[in-house]
Amino acid sequence: MLSAGPTPHTSLAAWDFALRGPNAPVARWTRDEFQALPHETVTVDIHCVTKWSKFDTVWEGVSVDTLLVEAAAHGVKPAPYVLAVSDGGYTTNLPLADVTGGKAWVAVKFDGASLAPEHGGPARLLVPHLYFWKSAKWLRELRFMERDAAGFWESLGYHNYGDPWREQRYAGDP
Amino acid sequence: MSLASVPIAPRASAITWRFATVAKVVMETPTARTLFLDVPGWPGHRAGQHVDVRLTAEDGYQAERSYSIASAPEDARLALTVERIDDGEVSPYLTDVLRVGDRLELRGPIGGYFVWDNVLSGSLLLVAGGSGIVPLMAMLRHRAAALATADMRARHRVPARLLYSSRRWEDAFYRDELARLVQADGALEVAFTFTREPPEGWTGFRRRIDRMMLAEVAWPPSERPRVFVCGPTPLVEAVAAALVDLGHDPALVKTERFGPTGGSP
């Protein structure tokens, strides 16, 4: 349900990934450079805002903690909020604390296979402790921001934070 | 769609649960029916939005599902058309058990993207699979209501086309009403395709929607039609990809995918 348009098909050759600091410094990886970063395999439960959960899903990707360490060498410093920016124009916003400390990954594999475009490939954000629209498909950039700003779904009525345990589905849910 | 993000609203008001009373029930197909609801305090909706319906069992167990709104914003009653999913937790109650006078809990309207308001905004192409017709029907009903008050010149600027895929003729929703709308409105065209059993003597499409069918039914990409696609995920994926392949601007193609609860990530 939470895909609003045609699935973007980005070729691996054209794909790259960036971390952008609040004052413009950027760390950028080509596909090959990204694949050379240390990857982790994680088994997590995921929760969709349209009422389903899926247990013990297996993903492989690079943790945002790892990316931050690498990006520091390029002068990219984190800020209190993050905007995930994807192909197709999608964005979603998260607090920094929800993507650091072993809580979030840039995933490139699901169940041992490369992520198909309809599942968010080449890479998607994986933030299993929040509703799954926060795990942005077709991810290209994490942009650090000093102030919070609503992303695509959040500006269209979805909850700004999206905690499944508090059922924060829509704007105004407690 | 723009990359610009918008500031957080200071405090959005909650979408509250309300009790709706069933005022009328209409069978649409052997497995789907429309519930016409009176909803005190209903704030109004935009064509394409949905509601969440919540059922509570005697032991307190709750189940919630989303259903698209079938009625136009102009209609007196909120209408939901629900298709029965045989092993579903919610739909069999809505299609088989609920009676006129019964109450159910819902909240909405929900969704701010898959909506169509502006009847003068250009050609409208709707592509539906199965019960994916429901939010698109709200758009056609809204269009009919709005054009009834617009002048004829405006009417000619906003042609609309619907391509609707069903398994069989008996499975297609709103058949009579679609025929009436087409008859009353020279700028509306409706094409059916039947993937299993076309009606006797059918000379139209009899296959899944494909690129060639879309090339035949849709306007050329240069006309920049506004496109809404709704149906099961595989149909929506195929249709949206084919439209982009034909040259339609992805930013003008809005999609709503649905599948059984528990679909893949």
# chains A, B, ... in the order shown; residues from 1 in each chain; ligands from 1

call {"tool": "residues_around", "arguments": {"residues": "A:Thr10", "least_positions_apart": "4", "cutoff": "9 Å", "atoms": "only C-alpha atoms", "output": "PDB file with N, CA and C atoms, in the first residue's frame"}}
result
ATOM      1  N   ALA A  14      24.283   2.952 -11.968  1.00  0.00           N
ATOM      2  CA  ALA A  14      23.927   4.354 -11.733  1.00  0.00           C
ATOM      3  C   ALA A  14      23.724   4.646 -10.247  1.00  0.00           C
ATOM      4  N   TRP A  15      23.604   3.584  -9.447  1.00  0.00           N
ATOM      5  CA  TRP A  15      23.278   3.774  -8.035  1.00  0.00           C
ATOM      6  C   TRP A  15      24.494   4.255  -7.249  1.00  0.00           C
ATOM      7  N   ASP A  87      14.897   7.512  -4.552  1.00  0.00           N
ATOM      8  CA  ASP A  87      14.503   7.659  -5.952  1.00  0.00           C
ATOM      9  C   ASP A  87      12.990   7.731  -6.026  1.00  0.00           C
ATOM     10  N   PRO A 117      13.560  -4.494  -7.162  1.00  0.00           N
ATOM     11  CA  PRO A 117      13.049  -3.121  -7.176  1.00  0.00           C
ATOM     12  C   PRO A 117      11.723  -2.975  -6.430  1.00  0.00           C
ATOM     13  N   GLY A 121      14.805  -2.290  -3.809  1.00  0.00           N
ATOM     14  CA  GLY A 121      16.170  -2.361  -4.300  1.00  0.00           C
ATOM     15  C   GLY A 121      16.503  -1.243  -5.265  1.00  0.00           C
ATOM     16  N   PRO A 122      17.794  -0.941  -5.422  1.00  0.00           N
ATOM     17  CA  PRO A 122      18.978  -1.649  -4.914  1.00  0.00           C
ATOM     18  C   PRO A 122      19.163  -1.602  -3.383  1.00  0.00           C
ATOM     19  N   TRP A 138      14.188   2.267  -2.054  1.00  0.00           N
ATOM     20  CA  TRP A 138      14.931   2.978  -3.116  1.00  0.00           C
ATOM     21  C   TRP A 138      15.795   4.108  -2.568  1.00  0.00           C
TER      22      TRP A 138
END

call {"tool": "residues_around", "arguments": {"residues": "A:Leu19", "least_positions_apart": "2", "cutoff": "12 Å", "atoms": "only C-alpha atoms", "output": "ChimeraX atom specification"}}
result
/A:16-17,21-29,34,64-79,82-85,106,139-145

call {"tool": "residues_around", "arguments": {"residues": "A:His119", "least_positions_apart": "4", "cutoff": "12 Å", "atoms": "only C-alpha atoms", "output": "list of chain:residue names"}}
result
A:Leu2, A:Ser3, A:Thr7, A:Pro8, A:His9, A:Ala107, A:Val108, A:Lys109, A:Phe110, A:Asp111, A:Ala113, A:Ser114, A:Leu115, A:Ala123, A:Arg124, A:Leu125, A:Leu126, A:Phe132, A:Trp133, A:Ser135, A:Ala136, A:Lys137, A:Trp138, A:Leu139, B:Thr233, B:Glu237, B:Gly263, B:Ser264, B:Pro265

call {"tool": "closest_residue", "arguments": {"among": "A:Phe55, A:Ala4, A:Leu130, A:Asp32", "to": "A:Gln168", "atoms": "only C-alpha atoms"}}
result
A:Leu130

call {"tool": "interface_residues", "arguments": {"of": "chain A", "to": "chain B", "cutoff": "8 Å", "atoms": "only C-alpha atoms", "output": "number ranges by chain"}}
result
A: 1-7, 50-54, 85, 88-91, 118-119, 148-152, 155-157, 160, 170-174

call {"tool": "write_last_selection", "arguments": {"atoms": "N, CA and C atoms", "output": "mmCIF file, in the first residue's frame"}}
result
data_model
loop_
_atom_site.group_PDB
_atom_site.id
_atom_site.type_symbol
_atom_site.label_atom_id
_atom_site.label_comp_id
_atom_site.auth_asym_id
_atom_site.auth_seq_id
_atom_site.Cartn_x
_atom_site.Cartn_y
_atom_site.Cartn_z
ATOM 1 N N MET A 1 0.824 -1.196 0.000
ATOM 2 C CA MET A 1 0.000 0.000 0.000
ATOM 3 C C MET A 1 0.860 1.248 0.000
ATOM 4 N N LEU A 2 1.991 1.214 0.716
ATOM 5 C CA LEU A 2 2.753 2.442 0.856
ATOM 6 C C LEU A 2 3.777 2.620 -0.257
ATOM 7 N N SER A 3 3.347 2.449 -1.481
ATOM 8 C CA SER A 3 4.141 2.882 -2.614
ATOM 9 C C SER A 3 3.193 3.727 -3.432
ATOM 10 N N ALA A 4 3.591 4.944 -3.755
ATOM 11 C CA ALA A 4 2.621 5.894 -4.288
ATOM 12 C C ALA A 4 2.661 6.033 -5.795
ATOM 13 N N GLY A 5 3.632 5.392 -6.443
ATOM 14 C CA GLY A 5 3.757 5.544 -7.890
ATOM 15 C C GLY A 5 4.478 4.363 -8.481
ATOM 16 N N PRO A 6 4.899 4.522 -9.740
ATOM 17 C CA PRO A 6 5.627 3.428 -10.377
ATOM 18 C C PRO A 6 6.900 3.102 -9.603
ATOM 19 N N THR A 7 7.283 1.843 -9.599
ATOM 20 C CA THR A 7 8.504 1.425 -8.930
ATOM 21 C C THR A 7 9.714 1.941 -9.715
ATOM 22 N N THR A 50 -0.342 -0.948 7.593
ATOM 23 C CA THR A 50 -1.600 -1.531 7.126
ATOM 24 C C THR A 50 -1.913 -2.838 7.856
ATOM 25 N N LYS A 51 -1.396 -2.968 9.066
ATOM 26 C CA LYS A 51 -1.844 -3.974 10.028
ATOM 27 C C LYS A 51 -1.154 -5.324 9.991
ATOM 28 N N TRP A 52 -0.193 -5.559 9.126
ATOM 29 C CA TRP A 52 0.453 -6.856 9.199
ATOM 30 C C TRP A 52 1.842 -6.729 9.816
ATOM 31 N N SER A 53 2.296 -7.822 10.420
ATOM 32 C CA SER A 53 3.660 -7.930 10.916
ATOM 33 C C SER A 53 4.265 -9.168 10.290
ATOM 34 N N LYS A 54 5.582 -9.158 10.159
ATOM 35 C CA LYS A 54 6.276 -10.315 9.622
ATOM 36 C C LYS A 54 7.442 -10.570 10.569
ATOM 37 N N VAL A 85 16.124 10.120 1.794
ATOM 38 C CA VAL A 85 15.731 10.610 0.466
ATOM 39 C C VAL A 85 15.882 9.468 -0.536
ATOM 40 N N GLY A 88 12.492 8.508 -6.976
ATOM 41 C CA GLY A 88 11.052 8.673 -7.098
ATOM 42 C C GLY A 88 10.544 9.857 -6.290
ATOM 43 N N GLY A 89 11.423 10.465 -5.492
ATOM 44 C CA GLY A 89 11.050 11.672 -4.767
ATOM 45 C C GLY A 89 10.537 11.449 -3.356
ATOM 46 N N TYR A 90 10.553 10.197 -2.885
ATOM 47 C CA TYR A 90 10.044 9.943 -1.532
ATOM 48 C C TYR A 90 11.028 10.412 -0.476
ATOM 49 N N THR A 91 10.494 10.871 0.631
ATOM 50 C CA THR A 91 11.318 11.208 1.790
ATOM 51 C C THR A 91 10.589 10.719 3.031
ATOM 52 N N GLU A 118 10.782 -3.932 -6.583
ATOM 53 C CA GLU A 118 9.479 -3.774 -5.920
ATOM 54 C C GLU A 118 9.586 -3.910 -4.402
ATOM 55 N N HIS A 119 10.717 -4.410 -3.906
ATOM 56 C CA HIS A 119 10.937 -4.457 -2.463
ATOM 57 C C HIS A 119 11.910 -3.380 -2.001
ATOM 58 N N ASP A 148 13.620 19.141 12.742
ATOM 59 C CA ASP A 148 12.767 18.105 12.164
ATOM 60 C C ASP A 148 11.915 18.701 11.036
ATOM 61 N N ALA A 149 11.697 17.932 10.001
ATOM 62 C CA ALA A 149 10.831 18.364 8.893
ATOM 63 C C ALA A 149 10.107 17.137 8.367
ATOM 64 N N ALA A 150 8.815 17.271 8.123
ATOM 65 C CA ALA A 150 8.012 16.121 7.695
ATOM 66 C C ALA A 150 8.449 15.629 6.326
ATOM 67 N N GLY A 151 8.499 14.306 6.153
ATOM 68 C CA GLY A 151 8.775 13.704 4.858
ATOM 69 C C GLY A 151 7.497 13.571 4.042
ATOM 70 N N PHE A 152 7.573 12.743 3.000
ATOM 71 C CA PHE A 152 6.467 12.594 2.046
ATOM 72 C C PHE A 152 5.206 12.053 2.708
ATOM 73 N N SER A 155 3.870 14.268 5.628
ATOM 74 C CA SER A 155 3.152 15.492 5.267
ATOM 75 C C SER A 155 1.776 15.167 4.698
ATOM 76 N N LEU A 156 1.516 13.877 4.399
ATOM 77 C CA LEU A 156 0.221 13.464 3.843
ATOM 78 C C LEU A 156 -0.642 12.780 4.893
ATOM 79 N N GLY A 157 -0.314 12.962 6.152
ATOM 80 C CA GLY A 157 -1.230 12.496 7.186
ATOM 81 C C GLY A 157 -0.752 11.322 8.012
ATOM 82 N N ASN A 160 4.207 11.385 12.591
ATOM 83 C CA ASN A 160 5.574 11.891 12.439
ATOM 84 C C ASN A 160 6.620 10.901 12.941
ATOM 85 N N TYR A 170 -1.474 7.526 12.231
ATOM 86 C CA TYR A 170 -1.820 8.765 11.537
ATOM 87 C C TYR A 170 -1.504 9.970 12.410
ATOM 88 N N ALA A 171 -1.289 11.104 11.736
ATOM 89 C CA ALA A 171 -1.021 12.356 12.442
ATOM 90 C C ALA A 171 -2.091 12.556 13.511
ATOM 91 N N GLY A 172 -1.679 12.887 14.710
ATOM 92 C CA GLY A 172 -2.645 13.114 15.777
ATOM 93 C C GLY A 172 -2.839 11.909 16.672
ATOM 94 N N ASP A 173 -2.450 10.692 16.222
ATOM 95 C CA ASP A 173 -2.499 9.537 17.120
ATOM 96 C C ASP A 173 -1.546 9.810 18.284
ATOM 97 N N PRO A 174 -1.953 9.458 19.498
ATOM 98 C CA PRO A 174 -1.123 9.816 20.655
ATOM 99 C C PRO A 174 0.235 9.120 20.644
#

call {"tool": "closest_residue", "arguments": {"among": "B:Thr95, B:Ser166, B:Asn118, B:Thr193", "to": "B:Val217", "atoms": "only C-alpha atoms"}}
result
B:Thr193

call {"tool": "residues_around", "arguments": {"residues": "B:Arg84", "least_positions_apart": "6", "cutoff": "9 Å", "atoms": "only C-alpha atoms", "output": "PyMOL selection string"}}
result
chain B and resi 31-33+90-96

call {"tool": "write_last_selection", "arguments": {"atoms": "N, CA and C atoms", "output": "PDB file, in the first residue's frame"}}
result
ATOM      1  N   THR B  31     -19.859 -11.653  -4.456  1.00  0.00           N
ATOM      2  CA  THR B  31     -18.983 -11.629  -3.277  1.00  0.00           C
ATOM      3  C   THR B  31     -18.722 -10.227  -2.739  1.00  0.00           C
ATOM      4  N   ALA B  32     -19.384  -9.227  -3.267  1.00  0.00           N
ATOM      5  CA  ALA B  32     -19.112  -7.859  -2.803  1.00  0.00           C
ATOM      6  C   ALA B  32     -20.406  -7.100  -2.592  1.00  0.00           C
ATOM      7  N   ARG B  33     -20.420  -6.265  -1.563  1.00  0.00           N
ATOM      8  CA  ARG B  33     -21.586  -5.408  -1.405  1.00  0.00           C
ATOM      9  C   ARG B  33     -21.180  -4.029  -0.903  1.00  0.00           C
ATOM     10  N   VAL B  90     -12.212  -9.551   8.800  1.00  0.00           N
ATOM     11  CA  VAL B  90     -13.154  -8.444   8.854  1.00  0.00           C
ATOM     12  C   VAL B  90     -14.181  -8.502   7.713  1.00  0.00           C
ATOM     13  N   SER B  91     -13.715  -8.755   6.484  1.00  0.00           N
ATOM     14  CA  SER B  91     -14.626  -8.605   5.340  1.00  0.00           C
ATOM     15  C   SER B  91     -15.836  -9.542   5.377  1.00  0.00           C
ATOM     16  N   PRO B  92     -15.719 -10.815   5.803  1.00  0.00           N
ATOM     17  CA  PRO B  92     -16.938 -11.652   5.801  1.00  0.00           C
ATOM     18  C   PRO B  92     -18.033 -11.091   6.709  1.00  0.00           C
ATOM     19  N   TYR B  93     -17.634 -10.434   7.799  1.00  0.00           N
ATOM     20  CA  TYR B  93     -18.634  -9.817   8.675  1.00  0.00           C
ATOM     21  C   TYR B  93     -19.337  -8.676   7.937  1.00  0.00           C
ATOM     22  N   LEU B  94     -18.548  -7.880   7.204  1.00  0.00           N
ATOM     23  CA  LEU B  94     -19.127  -6.728   6.509  1.00  0.00           C
ATOM     24  C   LEU B  94     -19.993  -7.164   5.327  1.00  0.00           C
ATOM     25  N   THR B  95     -19.629  -8.270   4.652  1.00  0.00           N
ATOM     26  CA  THR B  95     -20.383  -8.664   3.457  1.00  0.00           C
ATOM     27  C   THR B  95     -21.550  -9.599   3.782  1.00  0.00           C
ATOM     28  N   ASP B  96     -21.460 -10.349   4.883  1.00  0.00           N
ATOM     29  CA  ASP B  96     -22.466 -11.393   5.120  1.00  0.00           C
ATOM     30  C   ASP B  96     -23.315 -11.186   6.368  1.00  0.00           C
TER      31      ASP B  96
END

call {"tool": "select_by_dssp", "arguments": {"residues": "stretch 13-127 of chain B", "states": "strand (DSSP E or B)", "output": "VMD selection string"}}
result
chain B and resid 18 to 29 32 to 38 50 to 56 62 to 69 78 to 83 103 to 110 124 to 127

call {"tool": "atom_distance", "arguments": {"atom1": "atom CA of B:Val115", "atom2": "atom CA of A:Cys48"}}
result
21.7 Å

call {"tool": "select_by_dssp", "arguments": {"residues": "stretch 14-211 of chain B", "states": "helix (DSSP H, G or I)", "output": "PyMOL selection string"}}
result
chain B and resi 91-97+130-147+152-157+169-171+175-184+211

call {"tool": "write_last_selection", "arguments": {"atoms": "N, CA and C atoms", "output": "short mmCIF file (atom, residue, chain, number, x, y, z; two decimals), in the first residue's frame"}}
result
data_model
loop_
_atom_site.label_atom_id
_atom_site.label_comp_id
_atom_site.auth_asym_id
_atom_site.auth_seq_id
_atom_site.Cartn_x
_atom_site.Cartn_y
_atom_site.Cartn_z
N SER B 91 -13.71 -8.75 6.48
CA SER B 91 -14.63 -8.61 5.34
C SER B 91 -15.84 -9.54 5.38
N PRO B 92 -15.72 -10.82 5.80
CA PRO B 92 -16.94 -11.65 5.80
C PRO B 92 -18.03 -11.09 6.71
N TYR B 93 -17.63 -10.43 7.80
CA TYR B 93 -18.63 -9.82 8.68
C TYR B 93 -19.34 -8.68 7.94
N LEU B 94 -18.55 -7.88 7.20
CA LEU B 94 -19.13 -6.73 6.51
C LEU B 94 -19.99 -7.16 5.33
N THR B 95 -19.63 -8.27 4.65
CA THR B 95 -20.38 -8.66 3.46
C THR B 95 -21.55 -9.60 3.78
N ASP B 96 -21.46 -10.35 4.88
CA ASP B 96 -22.47 -11.39 5.12
C ASP B 96 -23.32 -11.19 6.37
N VAL B 97 -22.78 -10.51 7.36
CA VAL B 97 -23.44 -10.48 8.66
C VAL B 97 -24.14 -9.15 8.93
N GLY B 130 -10.07 -5.60 -10.33
CA GLY B 130 -10.94 -6.13 -9.28
C GLY B 130 -11.54 -5.04 -8.42
N SER B 131 -11.45 -5.22 -7.09
CA SER B 131 -12.07 -4.23 -6.20
C SER B 131 -11.27 -2.93 -6.15
N GLY B 132 -10.16 -2.86 -6.88
CA GLY B 132 -9.43 -1.60 -7.03
C GLY B 132 -10.24 -0.52 -7.72
N ILE B 133 -11.40 -0.89 -8.26
CA ILE B 133 -12.29 0.09 -8.87
C ILE B 133 -12.85 1.06 -7.83
N VAL B 134 -12.91 0.67 -6.56
CA VAL B 134 -13.69 1.44 -5.58
C VAL B 134 -13.24 2.91 -5.45
N PRO B 135 -11.96 3.20 -5.18
CA PRO B 135 -11.60 4.63 -5.06
C PRO B 135 -11.70 5.36 -6.40
N LEU B 136 -11.55 4.61 -7.51
CA LEU B 136 -11.66 5.24 -8.82
C LEU B 136 -13.12 5.59 -9.13
N MET B 137 -14.04 4.75 -8.60
CA MET B 137 -15.47 5.06 -8.76
C MET B 137 -15.81 6.34 -8.00
N ALA B 138 -15.19 6.53 -6.83
CA ALA B 138 -15.43 7.78 -6.10
C ALA B 138 -15.00 8.97 -6.97
N MET B 139 -13.90 8.80 -7.73
CA MET B 139 -13.45 9.89 -8.60
C MET B 139 -14.43 10.13 -9.74
N LEU B 140 -14.95 9.05 -10.36
CA LEU B 140 -15.91 9.23 -11.45
C LEU B 140 -17.21 9.83 -10.94
N ARG B 141 -17.63 9.43 -9.75
CA ARG B 141 -18.85 10.00 -9.17
C ARG B 141 -18.63 11.48 -8.83
N HIS B 142 -17.44 11.79 -8.32
CA HIS B 142 -17.11 13.19 -8.02
C HIS B 142 -17.09 14.00 -9.31
N ARG B 143 -16.51 13.41 -10.36
CA ARG B 143 -16.43 14.08 -11.65
C ARG B 143 -17.83 14.39 -12.17
N ALA B 144 -18.71 13.38 -12.09
CA ALA B 144 -20.08 13.56 -12.59
C ALA B 144 -20.80 14.66 -11.80
N ALA B 145 -20.61 14.65 -10.48
CA ALA B 145 -21.29 15.64 -9.65
C ALA B 145 -20.75 17.04 -9.93
N ALA B 146 -19.43 17.14 -10.09
CA ALA B 146 -18.82 18.45 -10.31
C ALA B 146 -19.16 18.98 -11.70
N LEU B 147 -19.16 18.10 -12.70
CA LEU B 147 -19.42 18.55 -14.07
C LEU B 147 -20.87 18.92 -14.27
N MET B 152 -20.31 23.72 -20.23
CA MET B 152 -19.99 22.71 -21.22
C MET B 152 -18.55 22.84 -21.74
N ARG B 153 -18.05 24.04 -21.79
CA ARG B 153 -16.69 24.21 -22.30
C ARG B 153 -15.71 23.53 -21.37
N ALA B 154 -15.93 23.67 -20.08
CA ALA B 154 -15.06 23.01 -19.11
C ALA B 154 -15.16 21.50 -19.29
N ARG B 155 -16.38 21.02 -19.52
CA ARG B 155 -16.61 19.59 -19.66
C ARG B 155 -15.74 19.00 -20.78
N HIS B 156 -15.61 19.73 -21.88
CA HIS B 156 -14.85 19.19 -22.99
C HIS B 156 -13.35 19.20 -22.75
N ARG B 157 -12.91 19.94 -21.75
CA ARG B 157 -11.48 19.96 -21.46
C ARG B 157 -11.06 18.79 -20.57
N TRP B 169 -17.67 -11.09 -16.10
CA TRP B 169 -18.63 -9.99 -16.15
C TRP B 169 -19.35 -9.85 -14.80
N GLU B 170 -19.73 -10.99 -14.19
CA GLU B 170 -20.47 -10.93 -12.92
C GLU B 170 -19.60 -10.35 -11.79
N ASP B 171 -18.27 -10.37 -11.98
CA ASP B 171 -17.38 -9.87 -10.91
C ASP B 171 -17.15 -8.37 -10.99
N ARG B 175 -21.61 -2.07 -12.73
CA ARG B 175 -21.75 -2.17 -14.18
C ARG B 175 -22.84 -1.24 -14.71
N ASP B 176 -24.01 -1.27 -14.05
CA ASP B 176 -25.12 -0.45 -14.54
C ASP B 176 -24.82 1.04 -14.41
N GLU B 177 -24.23 1.40 -13.29
CA GLU B 177 -23.95 2.82 -13.08
C GLU B 177 -22.89 3.32 -14.07
N LEU B 178 -21.89 2.49 -14.33
CA LEU B 178 -20.87 2.90 -15.31
C LEU B 178 -21.52 3.10 -16.68
N ALA B 179 -22.44 2.21 -17.04
CA ALA B 179 -23.13 2.36 -18.33
C ALA B 179 -23.92 3.67 -18.37
N ARG B 180 -24.59 3.98 -17.25
CA ARG B 180 -25.36 5.24 -17.19
C ARG B 180 -24.44 6.45 -17.30
N LEU B 181 -23.31 6.41 -16.60
CA LEU B 181 -22.39 7.54 -16.62
C LEU B 181 -21.86 7.77 -18.04
N VAL B 182 -21.53 6.68 -18.74
CA VAL B 182 -21.01 6.81 -20.10
C VAL B 182 -22.07 7.41 -21.02
N GLN B 183 -23.32 6.98 -20.81
CA GLN B 183 -24.39 7.47 -21.66
C GLN B 183 -24.63 8.96 -21.45
N ALA B 184 -24.46 9.40 -20.22
CA ALA B 184 -24.77 10.79 -19.88
C ALA B 184 -23.61 11.73 -20.18
N ARG B 211 0.92 -3.79 -21.99
CA ARG B 211 1.42 -2.56 -22.61
C ARG B 211 0.62 -2.19 -23.86
#

call {"tool": "decode", "arguments": {"residues": "stretch 52-73 of chain B", "atoms": "N, CA and C atoms", "output": "PDB file, in the first residue's frame"}}
result
ATOM      1  N   ASP B  52     -10.460   3.411   8.004  1.00  0.00           N
ATOM      2  CA  ASP B  52     -10.145   2.196   8.743  1.00  0.00           C
ATOM      3  C   ASP B  52     -11.415   1.752   9.469  1.00  0.00           C
ATOM      4  N   VAL B  53     -11.729   0.474   9.353  1.00  0.00           N
ATOM      5  CA  VAL B  53     -12.891  -0.094  10.043  1.00  0.00           C
ATOM      6  C   VAL B  53     -12.376  -0.988  11.160  1.00  0.00           C
ATOM      7  N   ARG B  54     -13.012  -0.888  12.337  1.00  0.00           N
ATOM      8  CA  ARG B  54     -12.570  -1.679  13.494  1.00  0.00           C
ATOM      9  C   ARG B  54     -13.725  -2.516  14.022  1.00  0.00           C
ATOM     10  N   LEU B  55     -13.491  -3.808  14.163  1.00  0.00           N
ATOM     11  CA  LEU B  55     -14.480  -4.709  14.763  1.00  0.00           C
ATOM     12  C   LEU B  55     -13.962  -5.153  16.120  1.00  0.00           C
ATOM     13  N   THR B  56     -14.850  -5.221  17.087  1.00  0.00           N
ATOM     14  CA  THR B  56     -14.466  -5.662  18.429  1.00  0.00           C
ATOM     15  C   THR B  56     -15.292  -6.893  18.802  1.00  0.00           C
ATOM     16  N   ALA B  57     -14.605  -7.988  19.121  1.00  0.00           N
ATOM     17  CA  ALA B  57     -15.307  -9.209  19.528  1.00  0.00           C
ATOM     18  C   ALA B  57     -15.747  -9.092  20.983  1.00  0.00           C
ATOM     19  N   GLU B  58     -16.617 -10.016  21.402  1.00  0.00           N
ATOM     20  CA  GLU B  58     -17.124  -9.970  22.774  1.00  0.00           C
ATOM     21  C   GLU B  58     -16.018 -10.073  23.808  1.00  0.00           C
ATOM     22  N   ASP B  59     -14.936 -10.791  23.448  1.00  0.00           N
ATOM     23  CA  ASP B  59     -13.824 -10.924  24.396  1.00  0.00           C
ATOM     24  C   ASP B  59     -12.852  -9.743  24.330  1.00  0.00           C
ATOM     25  N   GLY B  60     -13.193  -8.743  23.511  1.00  0.00           N
ATOM     26  CA  GLY B  60     -12.351  -7.547  23.442  1.00  0.00           C
ATOM     27  C   GLY B  60     -11.340  -7.558  22.298  1.00  0.00           C
ATOM     28  N   TYR B  61     -11.197  -8.699  21.620  1.00  0.00           N
ATOM     29  CA  TYR B  61     -10.251  -8.777  20.506  1.00  0.00           C
ATOM     30  C   TYR B  61     -10.693  -7.824  19.387  1.00  0.00           C
ATOM     31  N   GLN B  62      -9.729  -7.051  18.883  1.00  0.00           N
ATOM     32  CA  GLN B  62     -10.069  -6.090  17.831  1.00  0.00           C
ATOM     33  C   GLN B  62      -9.331  -6.397  16.541  1.00  0.00           C
ATOM     34  N   ALA B  63     -10.019  -6.188  15.435  1.00  0.00           N
ATOM     35  CA  ALA B  63      -9.386  -6.330  14.117  1.00  0.00           C
ATOM     36  C   ALA B  63      -9.709  -5.082  13.308  1.00  0.00           C
ATOM     37  N   GLU B  64      -8.700  -4.565  12.614  1.00  0.00           N
ATOM     38  CA  GLU B  64      -8.868  -3.349  11.818  1.00  0.00           C
ATOM     39  C   GLU B  64      -8.438  -3.593  10.385  1.00  0.00           C
ATOM     40  N   ARG B  65      -9.184  -3.023   9.430  1.00  0.00           N
ATOM     41  CA  ARG B  65      -8.788  -3.076   8.027  1.00  0.00           C
ATOM     42  C   ARG B  65      -9.114  -1.736   7.369  1.00  0.00           C
ATOM     43  N   SER B  66      -8.412  -1.472   6.287  1.00  0.00           N
ATOM     44  CA  SER B  66      -8.660  -0.256   5.514  1.00  0.00           C
ATOM     45  C   SER B  66      -9.581  -0.560   4.338  1.00  0.00           C
ATOM     46  N   TYR B  67     -10.566   0.310   4.103  1.00  0.00           N
ATOM     47  CA  TYR B  67     -11.453   0.182   2.942  1.00  0.00           C
ATOM     48  C   TYR B  67     -11.582   1.516   2.229  1.00  0.00           C
ATOM     49  N   SER B  68     -11.463   1.462   0.912  1.00  0.00           N
ATOM     50  CA  SER B  68     -11.605   2.679   0.118  1.00  0.00           C
ATOM     51  C   SER B  68     -13.040   3.174   0.150  1.00  0.00           C
ATOM     52  N   ILE B  69     -13.191   4.484   0.082  1.00  0.00           N
ATOM     53  CA  ILE B  69     -14.514   5.107   0.031  1.00  0.00           C
ATOM     54  C   ILE B  69     -14.993   5.097  -1.413  1.00  0.00           C
ATOM     55  N   ALA B  70     -16.236   4.641  -1.621  1.00  0.00           N
ATOM     56  CA  ALA B  70     -16.791   4.538  -2.971  1.00  0.00           C
ATOM     57  C   ALA B  70     -17.614   5.767  -3.350  1.00  0.00           C
ATOM     58  N   SER B  71     -18.121   6.478  -2.341  1.00  0.00           N
ATOM     59  CA  SER B  71     -19.023   7.590  -2.625  1.00  0.00           C
ATOM     60  C   SER B  71     -18.247   8.845  -2.999  1.00  0.00           C
ATOM     61  N   ALA B  72     -18.919   9.748  -3.709  1.00  0.00           N
ATOM     62  CA  ALA B  72     -18.344  11.058  -4.009  1.00  0.00           C
ATOM     63  C   ALA B  72     -18.446  11.936  -2.763  1.00  0.00           C
ATOM     64  N   PRO B  73     -17.565  12.929  -2.652  1.00  0.00           N
ATOM     65  CA  PRO B  73     -17.695  13.873  -1.542  1.00  0.00           C
ATOM     66  C   PRO B  73     -19.076  14.519  -1.504  1.00  0.00           C
TER      67      PRO B  73
END
